[in-house]
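Colleague: Take this structure, written in structure tokens, and hold onto it; I'll ask about it next.
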Amino acid sequence: RCLSLLFIAWRRKANNWKLDDGSCSVMPAAFCVVLTMMLADGVAKSYGTEKSRTIRDLNAPEWSQYLMSSAQFHATVHCILTSDTLSVQIAALTVVQLSAFGMTMRRKGFISQKEGVLLYALVLLVGMIVIFDDLKRRSIFNLALLLGNSTAVLRMYFGVNKYIMWSGIVAIISCLQKKDMLSDDAFFHSLPLLNYASWCLLMSSCYWKCR
């Protein structure tokens, strides 16, 4: 997924693939995101594993697993919002590789379970910092966090089908782009409050799920 999104970002930078308002269409990136989800599900099914347990198999408190999982939803939202910034996708690829390296070190017994969890958390934190910096520069920080928190709650707490959920997110972002809603002052200034509410919702769902 990182490589395909890196290619999209590179093509956008090389050919100035942007909409009239300077934003980038979400459709190419959304196609890559959904396609890689389908491929991952197909591979998992062929091995007799219906669900990914990368985080849930960690020997860590349930609340920390919940919050680390929520970070992955933010990463997916950012993948859909891919622009022409190459450094972001390079950083994302680095995060994925470091996570895999840490898990290999854990399986080989070179680091303890606690050290493995700490490394994974730090890698996610670095990835989130890179994502947040990119979102702030593009003035979509609050919108992206609102969508990331909402998808995390919908999927992990309410169990909404991920394909239906992500299709809905793509439709919402496309609608906002088409109607140029981010240029509307009333909508734009309501986003910080909505973002705050989404964080409250995420923390509340974490409490009720893990209590």
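Letters A, B, ... mark the chains of the structure tokens in the order given; residue numbers begin at 1 per chain; ligand numbers begin at 1, in order shown.
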Apply DSSP to the structure's backbone, then extract all residues of segment 35-93 of chain A labelled helix (DSSP H, G or I) and return them as a ChimeraX atom specification.

Modeller: /A:35-46,62-80,86-93

Colleague: May I have the residues within 9 Å of Trp166 of chain A as a list in words, using only C-alpha atoms and disregarding those fewer than 4 positions away in the same chain?

Modeller: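 Returned residues: Ala30, Val34, Val77, Thr151, Asn161, Lys162, Val170 and Ala171 of chain A.
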
Colleague: Just the residues within 8 Å of Gly127 of chain A, please, counting only C-alpha atoms, with nothing from its chain fewer than 5 positions along; format it as an MDAnalysis selection string.

Modeller: chainID A and resid 91:92 95

Colleague: Between A:Ala100, A:Ala186, A:Asp84, A:Asn149, which residue has the minimum interatomic distance to Ser70 of chain A, considering only C-alpha atoms?

Modeller: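 So, comparing all the options, the nearest one is A:Asn149.
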
Colleague: Might you pull out every residue within 12 Å of Val123 of chain A, with only C-alpha atoms counted and same-chain residues fewer than 6 positions away left off, and present them as JSON, numbers by chain?

Modeller: {"A": [68, 71, 72, 91, 92, 93, 94, 95, 96, 97, 98, 99, 100, 101, 102, 103, 116, 117, 129, 130]}

Colleague: Which is closest to Gln89 of chain A among A:Ile8, A:Val160, A:Leu135, A:Leu182, if we use only C-alpha atoms?

Modeller: A:Ile8

Colleague: With distances taken over only C-alpha atoms, which of A:Pro61, A:Ala14, A:Leu35, A:Arg211 is nearest to Lys114 of chain A?

Modeller: A:Pro61

Colleague: For Ser4 of chain A, find every residue with an atom within 12 Å (counting only C-alpha atoms), except residues of its own chain fewer than 3 positions away, and show them as a ChimeraX atom specification.

Modeller: /A:1,7-11,28-33,35-36,79-80,82,86,89-90,92-93

Colleague: Nearest to Ser183 of chain A: which of A:Ser139, A:Trp63, A:Gly168, A:Tyr120 is it, counting only C-alpha atoms?

Modeller: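 Closest candidate: A:Ser139.
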